[in-house]
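Read the structure below first, then the notes.
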Amino acid sequence: MAGQEVRGGCHCGKVRFSARGDFSAAMSCNCSICQKRGHWLAFVPAGDFVLETDPAAMADYQFNHRRIHHLFCTNCGVGSFGRGTAPDGSAMVAVNVRCIDDIDLSTVTVTPYDGRNA
């Protein structure tokens, strides 16, 4: 694992994770779900992500091509991360940087992504 190690989770604490990666930059997608959820996403290989709590604390929402698992806490509803596949076929996790403990969001470079037209 390379990069910065962080911890984070949902609002109520039922979903907790640790991850290693570059969280100084994030993507803001305007697809039908990301725009409504307001996530800023940073992508890490699945091997650099550890779910520290019971997966049963989360629900999975999929739509359209059903390639991305939009996971969220069944108690507070916050989506701290999602799971999917990178363009090269490897498993990846999209970390919602807004859910990283003690992150200074003013230091994150946010790049828009036109997921609506992708």
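By order of appearance in the structure tokens: chains A, B, ..., then residues from 1 within every chain, and ligands from 1 in the order shown.
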
Residue list (strand (DSSP E), DSSP) for segment 46-104 of chain A, as a PyMOL selection string: chain A and resi 49-51+58-61+69-73+81-85+91-96

Each residue of segment 21-114 of chain A lying at most 7 Å from segment 9-12 of chain A should get a row with its shortest atom-to-atom pair and the distance in Å to one decimal, counting only C-alpha atoms; could you produce that, ordered by chain and increasing number, as JSON lines?
```
{"residue": "A:Cys73", "atom": "CA", "partner": "A:Cys10", "partner_atom": "CA", "distance": 6.7}
{"residue": "A:Cys76", "atom": "CA", "partner": "A:Cys12", "partner_atom": "CA", "distance": 6.0}
{"residue": "A:Val78", "atom": "CA", "partner": "A:Cys10", "partner_atom": "CA", "distance": 5.3}
{"residue": "A:Gly79", "atom": "CA", "partner": "A:Cys10", "partner_atom": "CA", "distance": 6.8}
{"residue": "A:Ser80", "atom": "CA", "partner": "A:Gly9", "partner_atom": "CA", "distance": 5.6}
{"residue": "A:Cys99", "atom": "CA", "partner": "A:Gly9", "partner_atom": "CA", "distance": 5.5}
{"residue": "A:Ile100", "atom": "CA", "partner": "A:Gly9", "partner_atom": "CA", "distance": 6.6}
```

message: From the options A:Ala46, A:Met27, A:Ala118, A:Cys34, which residue's atoms come nearest to Val93 of chain A, counting only C-alpha atoms?
response: A:Ala46

message: I need the residue nearest Gly84 of chain A from this list: A:Val110, A:Val44, A:Leu51, A:Ala56. Use only C-alpha atoms for the distance.
response: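 Using only C-alpha atoms, Gly84 of chain A sits closest to A:Val44.
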
query: Of the candidates A:Thr111, A:Thr85, A:Gln4, A:Ser90, which shows the shortest atom-to-atom distance to Gly21 of chain A, using only C-alpha atoms?
result: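 Nearest to Gly21 of chain A: A:Gln4.
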
- prompt: So which residues touch Arg16 of chain A within 6 Å, counting only C-alpha atoms, skipping near sequence neighbours fewer than 6 positions away, as a PyMOL selection string?
  reply: chain A and resi 8-9+52-53

message: So the first atom is atom CA of Lys36 of chain A and the second is atom CA of Asn96 of chain A; what is the distance between them in Å, to one decimal place?
response: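 Atom-to-atom, atom CA of Lys36 of chain A and atom CA of Asn96 of chain A are spaced 13.6 Å apart.
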
- prompt: Per DSSP on the backbone, what are the alpha helix (DSSP H) residues of segment 25-106 of chain A, as an MDAnalysis selection string?
  reply: chainID A and resid 34:37
